[in-house]
Amino acid sequence: MIDFKLYVITNRHLCAPKPLLTVASEILDVGVRAIQMREKDLDDVDLYELAKPISELCKTNNAHLFINTNTKVAMDVGAAGIHLPDSGVSVDYVKAQSESNFLIGCSIHGIDAAKKRKTEGADFVTYSPIYPTESKPGYGPAVGVENLEKLAKQVNLPVFALGGITPARVGECLRAGASGIAVMSGIMSPIDAAQRAKEYLSALCDNPI
């Protein structure tokens with residue numbers, strides 16, 4: 001069940017020198033209930049060592065931890081789910097491989113990809129980039145809220161708007177049909193991650209769907 005509206009994507013490099021575990025604890029304390037660990041440069045051992053204590057924190061806070069692409073580590077740390085890239089393996093394959101009741105999110109950049117993931121059995125998608133963003137310059141021009149609205153109307157899945165989302169833009173995304181928002185650089189910070197997360201959560205509360 002997708003019972004969250006803010007989906008925080010990690011980047012430990014943006015948090016440095018503060019440990020990602022500390023930042024995760026801070027944002028969970030203020031009400032974040034879904035975290036995706038997107039630390040693609042780590043091998044299985046290092047990812048496990050980083051993810052395990054964060055997984056325990058998430059369980060303590062009744063929050064969901066998603067591991068990007070790595071089904072084995074997700075199973076080993078007891079994560080709630082997996083997040084797959086746009087061109088990744090099928091949702092069916094991951095569910096069969098995991099033998100676990102994982103929630104599965106998928107990154108998509110267009111309506112056709114969203115429909116495909118829906119057919120495969122995805123639980124939700126992140127659609128990006130909605131606005132211009134420096135953190136993912138390789139994904140081309142921003143798709144805009146107009147395309148977000150089209151996708152949300154055509155695909156019967158929770159859609160999380162991603163890319164350039166600020167607290168001030170939350171309302172616009174929700175009015176376009178997004179079920180929630182996904183954020184990386186807007187929250188990942190060594191200084192004020194908790195305060196930033198609170199601002200997004202407040203914006204979500206102020207703009208009910």
# chains A, B, ... in the order shown; residues from 1 in each chain; ligands from 1
>>> select_by_dssp(residues="region 43-191 of chain A", states="strand (DSSP E or B)", output="MDAnalysis selection string")
chainID A and resid 64:68 81:84 103:108 124:127 159:162 180:183
>>> select_by_dssp(residues="region 51-172 of chain A", states="alpha helix (DSSP H)", output="PyMOL selection string")
chain A and resi 51-60+71-77+91-98+111-120+144-154+170-172
>>> residues_around(residues="region 79-85 of chain A", least_positions_apart="3", cutoff="9 Å", atoms="only C-alpha atoms", output="number ranges by chain")
A: 36-38, 51-52, 55-56, 58-59, 63-71, 73-76, 88-91, 94, 101-108, 125
>>> closest_residue(among="A:Glu39, A:Glu172, A:Glu199, A:Glu49", to="Ile187 (chain A)", atoms="only C-alpha atoms")
A:Glu199
>>> atom_distance(atom1="CA of Ala194 (chain A)", atom2="CA of Pro53 (chain A)")
18.5 Å
>>> residues_around(residues="region 15-32 of chain A", least_positions_apart="5", cutoff="9 Å", atoms="only C-alpha atoms", output="list in words")
Phe4, Lys5, Leu6, Tyr7, Val8, Thr10, Leu50, Ala51, Pro53, Ile54, Leu57, Cys58, Asn61, Ala63, Ile187, Met188, Ser189, Pro190, Ile191, Ala193, Ala194, Gln195, Arg196, Ala197, Lys198 and Leu201 of chain A
>>> residues_around(residues="region 160-163 of chain A", least_positions_apart="4", cutoff="9 Å", atoms="only C-alpha atoms", output="list in words")
Lys5, Leu6, Tyr7, Phe124, Val125, Thr126, Tyr127, Ser128, Pro129, Ile130, Tyr131, Pro132, Thr133, Glu134, Ser135, Lys136, Ala142, Val145, Leu148, Val170, Cys173, Leu174, Ala178, Ser179, Gly180, Ile181, Ala182, Val183 and Met184 of chain A
>>> write_last_selection(atoms="N, CA and C atoms", output="compact mmCIF listing (two decimals), in the first residue's frame")
# COMPACT_ATOMS: atom_id res chain seq x y z
N LYS A 5 3.28 10.38 0.78
CA LYS A 5 3.22 11.40 -0.28
C LYS A 5 4.58 12.01 -0.58
N LEU A 6 5.53 11.83 0.33
CA LEU A 6 6.89 12.34 0.13
C LEU A 6 7.85 11.16 0.03
N TYR A 7 8.54 11.08 -1.07
CA TYR A 7 9.44 9.97 -1.37
C TYR A 7 10.85 10.56 -1.49
N PHE A 124 3.88 1.89 -8.02
CA PHE A 124 3.87 3.33 -8.26
C PHE A 124 5.00 3.68 -9.21
N VAL A 125 4.96 4.90 -9.75
CA VAL A 125 6.03 5.37 -10.63
C VAL A 125 6.47 6.76 -10.22
N THR A 126 7.73 7.06 -10.51
CA THR A 126 8.21 8.44 -10.43
C THR A 126 8.37 8.94 -11.85
N TYR A 127 7.86 10.13 -12.11
CA TYR A 127 7.88 10.72 -13.45
C TYR A 127 8.77 11.95 -13.43
N SER A 128 9.75 11.97 -14.32
CA SER A 128 10.73 13.06 -14.28
C SER A 128 11.35 13.31 -15.66
N PRO A 129 12.02 14.49 -15.77
CA PRO A 129 12.03 15.61 -14.82
C PRO A 129 10.86 16.56 -15.09
N ILE A 130 10.10 16.88 -14.06
CA ILE A 130 8.96 17.79 -14.23
C ILE A 130 9.45 19.21 -14.52
N TYR A 131 10.43 19.64 -13.78
CA TYR A 131 11.03 20.96 -13.97
C TYR A 131 12.52 20.78 -14.29
N PRO A 132 13.17 21.79 -14.83
CA PRO A 132 14.62 21.69 -15.06
C PRO A 132 15.34 21.37 -13.76
N THR A 133 16.31 20.48 -13.82
CA THR A 133 17.05 20.10 -12.62
C THR A 133 18.51 19.87 -12.93
N GLU A 134 19.36 20.26 -12.01
CA GLU A 134 20.80 20.08 -12.20
C GLU A 134 21.26 18.69 -11.77
N SER A 135 20.48 18.01 -10.95
CA SER A 135 20.93 16.72 -10.40
C SER A 135 20.83 15.58 -11.42
N LYS A 136 19.98 15.75 -12.45
CA LYS A 136 19.85 14.72 -13.47
C LYS A 136 19.82 15.35 -14.86
N ALA A 142 12.79 19.30 -19.39
CA ALA A 142 11.69 19.07 -18.45
C ALA A 142 10.41 18.74 -19.19
N VAL A 145 4.32 20.27 -16.14
CA VAL A 145 3.13 19.80 -15.42
C VAL A 145 2.01 19.38 -16.38
N LEU A 148 2.60 15.85 -16.98
CA LEU A 148 2.29 15.16 -15.73
C LEU A 148 0.79 14.92 -15.62
N VAL A 170 4.84 22.18 -5.03
CA VAL A 170 4.12 20.98 -4.63
C VAL A 170 2.65 21.05 -5.03
N CYS A 173 1.93 20.44 -8.70
CA CYS A 173 2.07 19.04 -9.09
C CYS A 173 0.88 18.21 -8.62
N LEU A 174 0.41 18.45 -7.43
CA LEU A 174 -0.75 17.71 -6.91
C LEU A 174 -2.00 18.03 -7.71
N ALA A 178 -0.58 14.40 -9.55
CA ALA A 178 0.42 13.61 -8.85
C ALA A 178 -0.14 13.13 -7.51
N SER A 179 0.23 11.91 -7.14
CA SER A 179 -0.15 11.38 -5.83
C SER A 179 0.77 11.87 -4.73
N GLY A 180 1.96 12.31 -5.14
CA GLY A 180 2.95 12.80 -4.20
C GLY A 180 4.15 13.32 -4.97
N ILE A 181 5.22 13.61 -4.24
CA ILE A 181 6.42 14.13 -4.87
C ILE A 181 7.64 13.33 -4.42
N ALA A 182 8.63 13.29 -5.28
CA ALA A 182 9.90 12.64 -4.96
C ALA A 182 10.99 13.70 -4.99
N VAL A 183 11.89 13.65 -4.02
CA VAL A 183 12.89 14.70 -3.86
C VAL A 183 14.24 14.12 -3.51
N MET A 184 15.29 14.62 -4.16
CA MET A 184 16.65 14.26 -3.77
C MET A 184 17.39 15.49 -3.26
